[in-house]
Structure formats: C-alpha cells, structure tokens
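Asks: Got structure_36.tsv for you, TSV, C-alpha atoms and all ligand atoms:
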chain	number	residue	atom	x	y	z
B	1	MET	CA	33.43	-29.62	-23.45
B	2	SER	CA	33.66	-27.44	-26.49
B	3	GLU	CA	32.60	-24.25	-24.71
B	4	ASN	CA	35.56	-24.43	-22.34
B	5	VAL	CA	38.37	-22.54	-23.99
B	6	HIS	CA	41.56	-22.43	-21.99
B	7	VAL	CA	42.47	-18.80	-21.40
B	8	ALA	CA	45.29	-18.46	-18.94
B	9	ASP	CA	46.38	-19.94	-15.63
B	10	GLY	CA	43.62	-22.46	-15.36
B	11	ILE	CA	40.79	-20.05	-16.08
B	12	ASN	CA	38.30	-21.41	-18.59
B	13	LEU	CA	35.82	-19.50	-20.66
B	14	THR	CA	32.09	-19.97	-20.35
B	15	SER	CA	30.32	-18.73	-23.43
B	16	THR	CA	26.93	-17.18	-22.83
B	17	GLU	CA	24.44	-15.31	-24.94
B	18	VAL	CA	24.57	-11.62	-24.09
B	19	HIS	CA	22.81	-8.77	-25.84
B	20	CYS	CA	24.97	-6.11	-27.46
B	21	PRO	CA	24.56	-3.08	-25.15
B	22	SER	CA	24.62	-0.82	-28.17
B	23	CYS	CA	22.13	-2.36	-30.64
B	24	GLY	CA	20.48	-5.07	-28.53
B	25	GLY	CA	21.41	-7.86	-30.96
B	26	THR	CA	22.55	-11.29	-29.80
B	27	ILE	CA	23.62	-13.04	-32.97
B	28	GLY	CA	27.36	-13.44	-33.16
B	29	VAL	CA	28.16	-11.34	-30.08
B	30	THR	CA	31.45	-12.66	-28.74
B	31	PHE	CA	33.31	-12.17	-25.49
B	32	ASP	CA	37.07	-11.78	-25.43
B	33	PRO	CA	38.17	-12.82	-21.94
B	34	VAL	CA	41.68	-11.39	-22.29
B	35	SER	CA	40.58	-7.82	-22.98
B	36	ASN	CA	37.25	-8.36	-21.17
B	37	THR	CA	35.43	-6.95	-24.17
B	38	LEU	CA	32.19	-7.75	-26.00
B	39	HIS	CA	32.27	-7.55	-29.81
B	40	CYS	CA	29.11	-7.14	-31.86
B	41	PRO	CA	29.45	-8.02	-35.57
B	42	PHE	CA	26.10	-6.44	-36.35
B	43	CYS	CA	26.77	-2.83	-35.32
B	44	GLY	CA	30.54	-3.15	-35.00
B	45	THR	CA	30.62	-1.90	-31.41
B	46	SER	CA	33.20	-3.14	-28.91
B	47	THR	CA	32.13	-2.75	-25.30
B	48	LYS	CA	34.81	-2.90	-22.61
B	49	LEU	CA	33.46	-4.44	-19.42
B	50	PRO	CA	34.94	-3.86	-15.95
B	51	GLU	CA	37.20	-6.71	-14.72
B	52	PRO	CA	35.34	-9.12	-12.42
B	53	ASP	CA	37.60	-8.45	-9.45
B	54	SER	CA	37.88	-4.70	-9.95
B	55	ALA	CA	36.35	-2.15	-7.62
B	56	PRO	CA	32.79	-1.28	-8.63
B	57	VAL	CA	32.77	1.03	-11.60
B	58	VAL	CA	31.04	4.31	-10.90
B	59	GLN	CA	28.69	4.63	-13.79
B	60	GLU	CA	27.26	8.09	-13.66
B	61	LEU	CA	23.78	8.19	-15.02
B	62	ASP	CA	22.69	11.66	-15.76
B	63	PHE	CA	19.57	11.57	-13.67
B	64	ASN	CA	19.95	15.21	-12.72
B	65	ALA	CA	19.53	16.20	-16.34
B	66	ALA	CA	16.59	13.81	-16.61
B	67	VAL	CA	14.96	15.37	-13.56
B	68	GLN	CA	15.47	18.83	-15.07
B	69	ARG	CA	13.73	17.69	-18.24
B	70	ALA	CA	10.94	15.83	-16.47
B	71	SER	CA	7.49	17.32	-16.22
B	72	VAL	CA	6.56	19.06	-12.98
B	73	ASN	CA	3.04	19.65	-14.23
B	74	TRP	CA	0.58	17.72	-12.06
B	75	GLY	CA	-2.31	18.98	-14.18
B	76	LYS	CA	-3.80	20.98	-11.33
B	77	ILE	CA	-2.20	23.30	-8.85
B	78	LYS	CA	-0.96	21.17	-6.01
B	79	LYS	CA	-0.29	22.31	-2.48
B	80	LEU	CA	2.43	20.66	-0.40
B	81	VAL	CA	1.30	20.10	3.18
B	82	GLU	CA	3.55	19.03	6.03
B	83	CYS	CA	2.57	17.47	9.36
B	84	SER	CA	4.43	18.81	12.39
B	85	ASN	CA	3.55	15.68	14.35
B	86	CYS	CA	4.89	12.89	12.10
B	87	GLY	CA	6.76	14.83	9.40
B	88	GLY	CA	4.71	13.31	6.57
B	89	GLN	CA	4.42	15.41	3.42
B	90	ALA	CA	1.52	15.14	1.00
B	91	LEU	CA	0.32	16.99	-2.07
B	92	TYR	CA	-3.28	18.13	-2.27
B	93	ASP	CA	-5.47	19.89	-4.76
B	94	ALA	CA	-4.98	23.58	-4.05
B	95	GLU	CA	-8.68	24.22	-3.39
B	96	GLN	CA	-9.04	21.20	-1.12
B	97	VAL	CA	-9.27	22.11	2.55
B	98	THR	CA	-6.95	19.94	4.61
B	99	GLY	CA	-7.92	19.41	8.19
B	100	ALA	CA	-5.95	16.36	9.27
B	101	CYS	CA	-2.69	14.61	8.35
B	102	PRO	CA	-3.51	11.52	6.24
B	103	PHE	CA	-0.69	9.55	7.89
B	104	CYS	CA	-1.23	10.11	11.62
B	105	GLY	CA	-4.53	11.99	11.88
B	106	SER	CA	-2.93	14.98	13.63
B	107	THR	CA	-4.49	18.36	12.88
B	108	SER	CA	-1.23	20.27	13.17
B	109	VAL	CA	-0.61	20.48	9.43
B	110	THR	CA	0.90	23.47	7.69
B	111	SER	CA	1.56	24.43	4.10
B	112	ALA	CA	5.19	23.68	3.33
B	113	ALA	CA	7.42	26.03	1.38
B	114	GLU	CA	7.07	25.40	-2.31
B	115	ASN	CA	10.51	26.37	-3.42
B	116	SER	CA	11.25	22.97	-4.88
B	117	GLN	CA	9.50	21.76	-7.99
B	118	ILE	CA	8.11	18.29	-7.47
B	119	MET	CA	8.31	15.96	-10.43
B	120	ALA	CA	4.94	14.84	-11.74
B	121	PRO	CA	4.31	11.09	-11.95
B	122	ALA	CA	4.56	9.30	-15.28
B	123	ALA	CA	2.17	6.55	-14.27
B	124	ILE	CA	-0.43	5.69	-11.68
B	125	ILE	CA	-2.19	2.60	-10.37
B	126	PRO	CA	-5.80	3.69	-9.80
B	127	PHE	CA	-7.89	2.51	-6.84
B	128	ASP	CA	-9.51	-0.85	-7.63
B	129	VAL	CA	-11.00	-1.38	-4.18
B	130	PRO	CA	-13.86	1.03	-3.39
B	131	ARG	CA	-13.74	2.76	-0.03
B	132	ASP	CA	-16.83	0.96	1.25
B	133	GLN	CA	-15.05	-2.40	0.82
B	134	ALA	CA	-12.21	-1.43	3.17
B	135	GLN	CA	-14.05	-2.94	6.16
B	136	GLN	CA	-14.50	-6.24	4.29
B	137	CYS	CA	-10.77	-6.34	3.38
B	138	TRP	CA	-9.95	-5.83	7.04
B	139	MET	CA	-12.33	-8.66	8.07
B	140	ASN	CA	-10.70	-10.96	5.51
B	141	TYR	CA	-7.34	-10.22	7.13
B	142	LEU	CA	-8.68	-10.91	10.65
B	143	ASN	CA	-10.20	-14.19	9.48
B	144	ARG	CA	-6.77	-15.40	8.35
B	145	ARG	CA	-5.15	-14.57	11.70
B	146	HIS	CA	-5.09	-16.80	14.78
B	147	CYS	CA	-6.12	-15.93	18.33
B	148	VAL	CA	-7.92	-12.72	17.35
B	149	ALA	CA	-9.90	-11.32	20.27
B	150	LYS	CA	-13.62	-11.74	19.58
B	151	LYS	CA	-14.43	-8.09	20.13
B	152	ALA	CA	-12.02	-7.06	17.37
B	153	TYR	CA	-14.48	-8.43	14.79
B	154	GLU	CA	-17.12	-5.98	15.99
B	155	CYS	CA	-14.90	-2.91	15.54
B	156	LYS	CA	-15.65	-0.59	12.64
B	157	LEU	CA	-12.85	1.11	10.73
B	158	GLU	CA	-12.77	4.88	11.11
B	159	ASN	CA	-10.99	7.68	9.28
B	160	ILE	CA	-10.59	5.61	6.13
B	161	THR	CA	-8.23	7.81	4.12
B	162	PRO	CA	-7.23	7.07	0.53
B	163	LEU	CA	-3.66	8.03	-0.31
B	164	TYR	CA	-1.20	7.57	-3.15
B	165	LEU	CA	2.29	6.29	-2.31
B	166	PRO	CA	5.37	7.25	-4.36
B	167	PHE	CA	7.57	4.68	-6.12
B	168	TRP	CA	10.44	4.69	-8.58
B	169	THR	CA	10.72	1.86	-11.07
B	170	PHE	CA	13.86	1.11	-13.08
B	171	ASP	CA	14.58	-0.82	-16.26
B	172	SER	CA	18.18	-1.81	-16.93
B	173	TYR	CA	20.05	-4.28	-19.09
B	174	THR	CA	22.74	-5.29	-16.64
B	175	ILE	CA	25.83	-7.17	-17.75
B	176	ALA	CA	28.15	-8.80	-15.22
B	177	SER	CA	31.60	-10.03	-16.20
B	178	TYR	CA	32.51	-12.73	-13.71
B	179	ILE	CA	34.92	-15.38	-12.53
B	180	ASP	CA	33.28	-18.30	-10.77
B	181	GLU	CA	35.11	-20.96	-8.80
B	182	LEU	CA	33.57	-24.43	-8.95
B	183	HIS	CA	34.42	-27.04	-6.30
B	184	TYR	CA	34.72	-30.72	-7.16
B	185	SER	CA	35.44	-33.81	-5.08
B	186	ASP	CA	35.55	-37.56	-5.72
B	187	PHE	CA	34.92	-40.67	-3.63
B	188	ASN	CA	38.61	-40.97	-2.76
B	189	GLY	CA	38.45	-37.70	-0.87
B	190	ASN	CA	40.22	-35.61	-3.52
B	191	HIS	CA	39.17	-31.99	-3.81
B	192	TRP	CA	39.92	-29.54	-6.57
B	193	SER	CA	38.64	-26.30	-8.08
B	194	LYS	CA	38.14	-24.97	-11.58
B	195	TYR	CA	37.76	-21.34	-12.53
B	196	PHE	CA	35.43	-20.09	-15.25
B	197	LYS	CA	35.29	-16.64	-16.71
B	198	GLY	CA	32.18	-15.40	-18.48
B	199	VAL	CA	29.59	-12.70	-18.96
B	200	TRP	CA	25.99	-12.73	-17.85
B	201	GLY	CA	23.19	-10.41	-18.96
B	202	HIS	CA	19.89	-9.80	-17.19
B	203	ASN	CA	17.10	-7.54	-18.36
B	204	PHE	CA	15.63	-5.91	-15.26
B	205	ASP	CA	12.12	-4.70	-15.94
B	206	ASP	CA	10.30	-2.46	-13.45
B	207	LEU	CA	12.55	-2.98	-10.46
B	208	VAL	CA	10.55	-1.18	-7.75
B	209	ILE	CA	11.98	1.12	-5.09
B	210	PHE	CA	9.72	2.75	-2.50
B	211	ALA	CA	10.30	6.49	-2.72
B	212	SER	CA	9.48	7.39	0.88
B	213	ASP	CA	11.87	7.35	3.81
B	214	LYS	CA	9.39	8.38	6.48
B	215	ILE	CA	8.56	5.73	9.02
B	216	TYR	CA	5.27	7.24	10.09
B	217	HIS	CA	3.17	4.12	9.67
B	218	PRO	CA	4.11	0.58	10.73
B	219	PHE	CA	1.93	-1.26	8.22
B	220	ILE	CA	2.38	0.48	4.88
B	221	SER	CA	5.43	-1.62	4.01
B	222	ARG	CA	3.45	-4.80	4.71
B	223	VAL	CA	0.79	-4.16	2.06
B	224	GLN	CA	3.02	-2.75	-0.65
B	225	THR	CA	2.73	-5.61	-3.12
B	226	PHE	CA	1.28	-3.88	-6.15
B	227	ASP	CA	0.88	-5.22	-9.66
B	228	PHE	CA	2.91	-2.52	-11.40
B	229	GLU	CA	2.11	-3.93	-14.81
B	230	LYS	CA	-1.42	-2.63	-14.40
B	231	SER	CA	-0.29	0.98	-14.08
B	232	LEU	CA	-1.80	3.57	-16.42
B	233	PRO	CA	-0.40	6.83	-17.80
B	234	TYR	CA	-0.81	9.57	-15.21
B	235	SER	CA	-3.82	11.79	-15.47
B	236	PRO	CA	-4.78	14.41	-12.83
B	237	GLU	CA	-8.38	13.12	-12.53
B	238	TYR	CA	-7.11	10.14	-10.52
B	239	LEU	CA	-5.93	12.51	-7.82
B	240	ALA	CA	-9.18	14.43	-7.40
B	241	GLY	CA	-9.66	14.74	-3.65
B	242	ILE	CA	-6.93	12.17	-2.86
B	243	PRO	CA	-3.61	13.29	-1.39
B	244	ALA	CA	-0.36	11.94	-2.83
B	245	GLU	CA	2.63	11.38	-0.58
B	246	ARG	CA	5.64	13.36	-1.68
B	247	TYR	CA	8.74	11.34	-2.66
B	248	THR	CA	11.54	11.82	-0.15
B	249	VAL	CA	13.97	9.31	-1.69
B	250	GLY	CA	15.45	11.12	-4.70
B	251	LEU	CA	16.08	9.51	-8.05
B	252	ASN	CA	19.83	9.07	-7.50
B	253	ASP	CA	19.39	7.46	-4.09
B	254	ALA	CA	16.70	5.19	-5.46
B	255	TRP	CA	19.02	4.10	-8.29
B	256	GLU	CA	21.75	3.27	-5.75
B	257	ARG	CA	19.22	1.08	-3.91
B	258	ALA	CA	18.13	-0.57	-7.15
B	259	LYS	CA	21.75	-1.41	-8.00
B	260	LYS	CA	22.15	-3.12	-4.64
B	261	LEU	CA	19.14	-5.36	-5.38
B	262	MET	CA	20.36	-6.56	-8.77
B	263	PRO	CA	23.45	-8.59	-7.68
B	264	ARG	CA	21.33	-11.07	-5.71
B	265	THR	CA	19.49	-12.08	-8.87
B	266	ILE	CA	22.63	-12.10	-10.99
B	267	GLU	CA	24.69	-14.13	-8.52
B	268	GLN	CA	22.03	-16.81	-8.31
B	269	GLU	CA	21.70	-17.01	-12.07
B	270	ILE	CA	25.46	-17.29	-12.64
B	271	ARG	CA	25.80	-20.06	-10.05
B	272	LYS	CA	22.84	-21.98	-11.44
B	273	TYR	CA	24.15	-21.65	-14.99
B	274	GLU	CA	27.73	-22.64	-14.15
B	275	LYS	CA	26.53	-25.65	-12.16
B	276	LYS	CA	24.31	-26.80	-15.00
B	277	LEU	CA	27.13	-26.42	-17.50
B	278	HIS	CA	30.13	-27.67	-15.55
B	279	GLY	CA	28.81	-29.59	-12.53
B	280	GLY	CA	30.56	-29.21	-9.20
B	281	TYR	CA	29.60	-26.76	-6.50
B	282	PRO	CA	29.71	-23.10	-7.56
B	283	LEU	CA	30.98	-20.58	-5.01
B	284	THR	CA	29.81	-16.97	-4.96
B	285	PRO	CA	31.26	-15.49	-8.16
B	286	LYS	CA	33.48	-12.43	-8.34
B	287	TYR	CA	31.83	-10.03	-10.72
B	288	ALA	CA	31.37	-6.41	-11.74
B	289	CYS	CA	28.11	-5.07	-13.15
B	290	SER	CA	27.56	-2.53	-15.91
B	291	HIS	CA	24.13	-1.06	-16.60
B	292	TYR	CA	22.82	-0.17	-20.04
B	293	ASN	CA	19.63	1.41	-21.38
B	294	VAL	CA	18.58	2.52	-17.93
B	295	LYS	CA	15.08	3.97	-17.81
B	296	PHE	CA	13.11	5.18	-14.82
B	297	ARG	CA	9.53	6.04	-14.00
B	298	TYR	CA	7.98	7.89	-11.11
B	299	LEU	CA	4.75	6.19	-10.21
B	300	LEU	CA	1.92	6.46	-7.70
B	301	ALA	CA	0.16	3.49	-6.07
B	302	PRO	CA	-3.05	3.47	-4.01
B	303	ILE	CA	-3.50	2.68	-0.33
B	304	TYR	CA	-6.08	3.24	2.44
B	305	LEU	CA	-5.03	4.15	5.94
B	306	ALA	CA	-7.57	3.70	8.70
B	307	THR	CA	-7.92	3.39	12.47
B	308	TYR	CA	-10.30	1.63	14.81
B	309	LYS	CA	-11.10	1.91	18.50
B	310	TYR	CA	-10.41	-1.08	20.72
B	311	GLY	CA	-11.17	-0.31	24.34
B	312	LYS	CA	-9.23	2.85	25.11
B	313	ASN	CA	-6.75	2.31	22.30
B	314	THR	CA	-6.77	3.59	18.74
B	315	LEU	CA	-5.24	0.93	16.49
B	316	ARG	CA	-3.90	1.37	12.97
B	317	VAL	CA	-4.63	-0.37	9.69
B	318	ALA	CA	-3.30	-0.17	6.11
B	319	ILE	CA	-5.07	-1.61	3.06
B	320	ASN	CA	-3.70	-1.98	-0.47
B	321	GLY	CA	-6.08	-0.01	-2.73
B	322	GLN	CA	-5.38	-2.24	-5.73
B	323	THR	CA	-5.44	-5.75	-4.25
B	324	GLY	CA	-7.36	-5.26	-0.99
B	325	GLU	CA	-4.54	-6.85	1.03
B	326	ALA	CA	-4.73	-5.57	4.61
B	327	CYS	CA	-2.46	-5.43	7.64
B	328	GLY	CA	-2.75	-3.77	11.03
B	329	ASP	CA	-2.74	-3.96	14.82
B	330	VAL	CA	-4.65	-7.04	15.96
B	331	PRO	CA	-5.72	-7.52	19.59
B	332	THR	CA	-5.13	-11.18	20.38
B	333	TYR	CA	-6.71	-13.49	22.85
B	334	LEU	CA	-3.85	-14.08	25.27
B	335	LEU	CA	-5.06	-17.28	26.93
B	336	LYS	CA	-5.60	-18.95	23.55
B	337	MET	CA	-2.09	-17.88	22.55
B	338	ILE	CA	-0.51	-19.42	25.65
B	339	LEU	CA	-2.39	-22.67	25.03
B	340	LEU	CA	-1.19	-22.73	21.46
B	341	PHE	CA	2.42	-22.30	22.62
B	342	ILE	CA	2.07	-25.09	25.16
B	343	LEU	CA	0.62	-27.34	22.45
B	344	LEU	CA	3.50	-26.46	20.13
B	345	GLY	CA	5.96	-27.25	22.94
B	346	ILE	CA	4.40	-30.68	23.48
B	347	VAL	CA	4.57	-31.48	19.76
B	348	LEU	CA	8.24	-30.44	19.59
B	349	LEU	CA	9.08	-32.43	22.70
B	350	GLY	CA	7.31	-35.49	21.27
B	351	LEU	CA	9.22	-35.13	18.01
B	352	SER	CA	12.63	-34.87	19.67
B	353	VAL	CA	11.95	-37.84	21.98
B	354	GLY	CA	10.93	-39.86	18.92
B	355	LEU	CA	14.09	-38.82	17.10
B	356	ILE	CA	16.35	-39.82	20.01
B	357	TYR	CA	14.57	-43.19	20.25
B	358	LEU	CA	14.92	-43.82	16.51
B	359	SER	CA	18.61	-42.93	16.44
B	360	ALA	CA	19.27	-45.16	19.46
B	361	GLN	CA	17.60	-48.04	17.58
B	362	LEU	CA	19.68	-47.30	14.50
B	363	ASN	CA	22.83	-47.15	16.60
B	364	GLN	CA	22.06	-50.55	18.17
B	365	ARG	CA	21.45	-52.25	14.84
B	366	THR	CA	23.99	-50.67	12.50
B	367	GLY	CA	26.49	-48.86	14.69
B	368	ILE	CA	25.72	-45.59	12.87
B	369	ASN	CA	25.46	-42.75	15.37
B	370	LEU	CA	23.29	-39.85	14.21
B	371	LEU	CA	23.30	-37.70	17.30
B	372	PHE	CA	26.73	-37.82	18.92
B	401	ZN	ZN	25.54	-4.28	-31.68
B	402	ZN	ZN	1.14	13.29	10.55
Spell out the structure here as structure tokens.
Replies:
Amino acid sequence: MSENVHVADGINLTSTEVHCPSCGGTIGVTFDPVSNTLHCPFCGTSTKLPEPDSAPVVQELDFNAAVQRASVNWGKIKKLVECSNCGGQALYDAEQVTGACPFCGSTSVTSAAENSQIMAPAAIIPFDVPRDQAQQCWMNYLNRRHCVAKKAYECKLENITPLYLPFWTFDSYTIASYIDELHYSDFNGNHWSKYFKGVWGHNFDDLVIFASDKIYHPFISRVQTFDFEKSLPYSPEYLAGIPAERYTVGLNDAWERAKKLMPRTIEQEIRKYEKKLHGGYPLTPKYACSHYNVKFRYLLAPIYLATYKYGKNTLRVAINGQTGEACGDVPTYLLKMILLFILLGIVLLGLSVGLIYLSAQLNQRTGINLLF
C-alpha cells in the first residue's frame, strides 16, 4: 500500500487528513513521524505533537483569565440562596420572596454570602413545555413503565417547580498522535503484528459537562438529555421568577472531565480507521492528545421538579423542560412483578433446555461438541 511508509523498526506510517491547528487548513498538511511534527505549507507553521507513549502533556488553558474577563452581569440583581437541608444553591431575582428550597422543598433556606462573583450564562435553553403539561409528561412516563400500581395514575403532581440547571459546553479540535498495533493471523495458525504510527483529528463541538456536583435529587441526571443546539443567547427575561442552580463544578474541573470523555471517541475512530485501511485486528492504540481552539460556554437548561403523595409517602419526579422527558419514583404492583419474573424464568429455562437438546443432536450427528 502506498500510504505505508516504512519509518523505523517495523513501524509504518498511516497518513491521515488533519487540520492545521494554527490556520485550520487541510491541504498539504504533512506529518513527520520521526520528529512527530505537523507541517502546514499554507501558513508555514510546524506543530510539535506529544509522543504517543509519553505521559499526558499538561496543556494549561488559561481559563482563570477567561473567567476574570467573563461577564458576571445577570441583567438583574440576583440573590444566592442556600438550603441548610440539602445544600443546594440557587440564584433568585432579588425581589422574589423565597419560601422553600426548589430541590428538596425544605423551608430552611438562607441567603448565602455573596463574596464570590458568579459568572453569567452565555446561553440558555428556554422552557418549551408549559407548567400545566407537567402532569401529562408524567403520565406518558408511567404509561411506558411496567407493573405500575393502579393508584399511581390517580396521583396529581404537587409543588411543580421550574428550575434552570447549569452546564458547561466545550469545543475543541483535538489531535492525537498514536501508535496502533494490528494483529493478524492466517489459517496455518501463524500470528503476527504490525505497528502503525499516525495522527488523528476530531472536532469536538458542544461537549456537555453538568456543572453541579450536588446529589440532592435522584432523577435529575436521568432527564438531562437536552438539545443544546436549540440554545439561545442569554437574556434575563428567561429567568423571571425561575431560580437557576448555581454551578458548583468550576470551569477547570469541567475541562478535566471533558478531556477524559474525548479519548473514548478518538480511540474508537483510530481503531476503525486502521482496520479499514490495513485489515487485521486493531488493539487499543497508544496515543497522546493535544487540544486546540478550545472554547467554552456556560449555559442554563430547563427542568421541573415535582412531588406527589402516594399513601403516606411523598415521591419525587423530574421532568425535562425542553423535551418533556420524565423520570421519578414509581410505586409498582408487586404481585404482577413476581409473576413477570416467574414467566421470565420459565422462558429462560425453556431456552436453555432447547439449547442443550440441540447441541446433543449436533454432537450425535457431527461429533462437534458445543457445550463441553
Ligand atoms: Zn496552517
Ligand atoms: Zn434543599
């Protein structure tokens, strides 16, 4: 194959199309595997990449400076309120009287010290689902579940509280320089490996990191699938009368989390690409990532929290304010559940008996033994 250039000690070069980190161009960008450098003929920049088997390069992004520059103007005076029961922190309009914590319903809320400036969001996903449709969203969820106790359908949601959740989103052009080992074997039982060195670029767009660390509600994480492409530039009107949860995961921590998510995508892409190009079975590549043109946004997304009474218990519900997706505590009908399990057991038993019978037949006729 023409793209395999012998480099050294059995390592071959895989040529891939990577954007120049400096000007974004692709035409004529070459990779020199010996110096591990990208050359761009268009802008003349040479970019040294970290060696694939080197320790991760600490790329300091000056988020602190970015945070300093970022706007802390929410458009209205906001008051930070903290709940002494669950620890949740939310921002309210200053004139809005706050009686209860939006997360847990406790009334022991106090104004928190406002020594820290809280960055204002750059974007917001407005509520698409009106408050009076929350009950219907919840019913839709119950209808999709099995073994729901009949009385649960009669329960009305209470304390339906709209709330904005905090997210960070990141854009990054991430380049990985890698060495991938591909395994080959033939029908005679011979095995061998080939090594390929290359670079891979992936444009991450709006990688989303939840900006709250508080585990005050069991169902928020289950309804967090927002369409971030539909976000709008932030405007204070969206927050009129609706509290916004304060971010507790800072920008730097969020970026560390984002960086841990990227390798999964990159690894899969490298393996798929190498397999397509060179056949064989690709192992997990050794690689080191560099990140270019990193941009971030602080964004708010809408949710409803609610409760309902079931017997003596108060059960909790969360509803996505953009999509209407719901999740919550569901009382189930125990007897029905047990029957379902028994039925499942019978089916599994039937299947395994059938399998044993089939393999015994196969063994008798061909001598091939599948089970032992
Ligand atoms: Zn360039
Ligand atoms: Zn609370």
Asks: Got a sec: who's within 10 Å of Thr47 (chain B), counting all atoms listed in the file, leaving out chain neighbours fewer than 6 positions off, as a PDB file with C-alpha atoms, in the coordinates of the input?
Replies:
ATOM      1  CA  CYS B  20      24.970  -6.110 -27.460  1.00  0.00           C
ATOM      2  CA  PRO B  21      24.560  -3.080 -25.150  1.00  0.00           C
ATOM      3  CA  SER B  22      24.620  -0.820 -28.170  1.00  0.00           C
ATOM      4  CA  PHE B  31      33.310 -12.170 -25.490  1.00  0.00           C
ATOM      5  CA  ASN B  36      37.250  -8.360 -21.170  1.00  0.00           C
ATOM      6  CA  THR B  37      35.430  -6.950 -24.170  1.00  0.00           C
ATOM      7  CA  LEU B  38      32.190  -7.750 -26.000  1.00  0.00           C
ATOM      8  CA  HIS B  39      32.270  -7.550 -29.810  1.00  0.00           C
ATOM      9  CA  CYS B  40      29.110  -7.140 -31.860  1.00  0.00           C
TER      10      CYS B  40
END
Asks: List all protein, DNA and RNA residues that have any atom at most 9 Å from ligand ZN 401 (chain B), counting all atoms listed in the file, and write the list as number ranges by chain.
Replies: B: 19-26, 29, 39-46
Asks: Using only C-alpha atoms, list the residues that have an atom at most 12 Å from (7.6, 2.6, -4.5), coordinates as in the file, as a ChimeraX atom specification.
Replies: /B:121,123-125,164-170,206-213,220-221,223-228,245-251,254,257-258,296-303
Asks: Would you give me, as CSV, each residue of chain B having an atom within 9 Å of an atom of ligand ZN 402 (chain B), along with its shortest atom pair and that distance in Å to one decimal, using all atoms listed in the file and sorting by chain and residue number?
Replies:
residue,atom,partner,partner_atom,distance
B:Glu82,CA,B:ZN402,ZN,7.7
B:Cys83,CA,B:ZN402,ZN,4.6
B:Ser84,CA,B:ZN402,ZN,6.7
B:Asn85,CA,B:ZN402,ZN,5.1
B:Cys86,CA,B:ZN402,ZN,4.1
B:Gly87,CA,B:ZN402,ZN,5.9
B:Gly88,CA,B:ZN402,ZN,5.3
B:Gln89,CA,B:ZN402,ZN,8.1
B:Ala100,CA,B:ZN402,ZN,7.8
B:Cys101,CA,B:ZN402,ZN,4.6
B:Pro102,CA,B:ZN402,ZN,6.6
B:Phe103,CA,B:ZN402,ZN,4.9
B:Cys104,CA,B:ZN402,ZN,4.1
B:Gly105,CA,B:ZN402,ZN,6.0
B:Ser106,CA,B:ZN402,ZN,5.4
B:Thr107,CA,B:ZN402,ZN,7.9
B:Ser108,CA,B:ZN402,ZN,7.8
B:Val109,CA,B:ZN402,ZN,7.5
B:Tyr216,CA,B:ZN402,ZN,7.3
Asks: Can those selected residues be exported to a file as a PDB file, in the coordinates of the input so that it contains C-alpha atoms?
Replies:
ATOM      1  CA  GLU B  82       3.550  19.030   6.030  1.00  0.00           C
ATOM      2  CA  CYS B  83       2.570  17.470   9.360  1.00  0.00           C
ATOM      3  CA  SER B  84       4.430  18.810  12.390  1.00  0.00           C
ATOM      4  CA  ASN B  85       3.550  15.680  14.350  1.00  0.00           C
ATOM      5  CA  CYS B  86       4.890  12.890  12.100  1.00  0.00           C
ATOM      6  CA  GLY B  87       6.760  14.830   9.400  1.00  0.00           C
ATOM      7  CA  GLY B  88       4.710  13.310   6.570  1.00  0.00           C
ATOM      8  CA  GLN B  89       4.420  15.410   3.420  1.00  0.00           C
ATOM      9  CA  ALA B 100      -5.950  16.360   9.270  1.00  0.00           C
ATOM     10  CA  CYS B 101      -2.690  14.610   8.350  1.00  0.00           C
ATOM     11  CA  PRO B 102      -3.510  11.520   6.240  1.00  0.00           C
ATOM     12  CA  PHE B 103      -0.690   9.550   7.890  1.00  0.00           C
ATOM     13  CA  CYS B 104      -1.230  10.110  11.620  1.00  0.00           C
ATOM     14  CA  GLY B 105      -4.530  11.990  11.880  1.00  0.00           C
ATOM     15  CA  SER B 106      -2.930  14.980  13.630  1.00  0.00           C
ATOM     16  CA  THR B 107      -4.490  18.360  12.880  1.00  0.00           C
ATOM     17  CA  SER B 108      -1.230  20.270  13.170  1.00  0.00           C
ATOM     18  CA  VAL B 109      -0.610  20.480   9.430  1.00  0.00           C
ATOM     19  CA  TYR B 216       5.270   7.240  10.090  1.00  0.00           C
TER      20      TYR B 216
END
Asks: Would you mind telling me which residue in B:His217, B:Lys230, B:Lys194, B:Lys286 lies nearest to Asp53 (chain B) when using all atoms listed in the file?
Replies: B:Lys286
Asks: Which residues are close to Tyr287 (chain B), i.e. within 7 Å by all atoms listed in the file, leaving aside same-chain residues fewer than 5 positions away? Reply as a PyMOL selection string.
Replies: chain B and resi 52-53+176-179
Asks: Kindly give the distance, in Å, that separates CA of Pro236 (chain B) and CA of Ala122 (chain B), rounded to a single decimal.
Replies: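 Distance between the two atoms: 10.9 Å.
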Asks: Which polymer residues, whether protein, DNA or RNA, lie within 10 Å of the coordinate (-4.0, -16.7, 14.2) when you count all atoms listed in the file? List them as a list of chain:residue names, using the chain letters and numbers from the file.
Replies: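 Applying the cut-off with all atoms listed in the file, one gets B:Leu142, B:Asn143, B:Arg144, B:Arg145, B:His146, B:Cys147, B:Val148, B:Val330, B:Thr332, B:Tyr333, B:Lys336, B:Met337, B:Leu340.
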Asks: First collect every listed atom of region 31-40 of chain B; then fit an axis-aligned box around them, widen it by 6 Å on each side, and give centre and edge lengths in Å to one decimal, as AutoDock Vina command-line options.
Replies:
--center_x 35.4 --center_y -9.9 --center_z -26.5 --size_x 24.6 --size_y 17.9 --size_z 22.7
Asks: Using all atoms listed in the file, which residue out of B:Ile342, B:Ala149, B:Ala94, B:Met262 lies closest to Cys289 (chain B)?
Replies: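 Among the listed residues, the smallest separation from Cys289 (chain B) belongs to B:Met262.
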Asks: Point out the residue among B:Arg131, B:Arg222, B:Lys150, B:His291 with the least atom-to-atom distance to Trp200 (chain B), counting all atoms listed in the file.
Replies: B:His291
Asks: Here is a test: counting only C-alpha atoms, which residue of B:Thr16, B:Cys137, B:Pro263, B:Cys327 is nearest to Thr30 (chain B)?
Replies: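 Using only C-alpha atoms, Thr30 (chain B) sits closest to B:Thr16.
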Asks: Of the candidates B:Ala306, B:Val347, B:Leu334, B:Leu283, which shows the shortest atom-to-atom distance to Glu181 (chain B), using all atoms listed in the file?
Replies: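 Comparing B:Ala306, B:Val347, B:Leu334, B:Leu283 against Glu181 (chain B), the winner is B:Leu283.
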Asks: May I ask for the distance between CA of Leu239 (chain B) and CA of Lys79 (chain B), given in Å to one decimal place?
Replies: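 Interatomic distance, CA of Leu239 (chain B) to CA of Lys79 (chain B): 12.5 Å.
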Asks: For a test of reading the model, state the distance in Å between CA of Ile346 (chain B) and CA of Asn363 (chain B), rounded to one decimal.
Replies: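 Atom-to-atom, CA of Ile346 (chain B) and CA of Asn363 (chain B) are spaced 25.7 Å apart.
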Asks: Near Leu91 (chain B), counting all atoms listed in the file, which residues have an atom at most 6 Å away, once you skip same-chain residues fewer than 4 positions from it, shown as number ranges by chain?
Replies: B: 78-80, 243-244
Asks: For each of B:Pro162, B:Ala240, B:Ile270, B:Lys156, take the minimum atom-to-atom distance to Tyr92 (chain B), counting all atoms listed in the file, then give the residue where this is smallest.
Replies: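 Selected residue with least distance to Tyr92 (chain B): B:Ala240.
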Asks: Can you tell me, as an MDAnalysis selection string, what residues are no more than 8 Å from Tyr308 (chain B) when counting all atoms listed in the file, ignoring any on the same chain fewer than 6 positions away?
Replies: chainID B and resid 155:158 314:317
Asks: What lies within 6 Å of Ile319 (chain B) using all atoms listed in the file, ignoring chain neighbours under 5 positions off, as number ranges by chain?
Replies: B: 303-304, 324-326
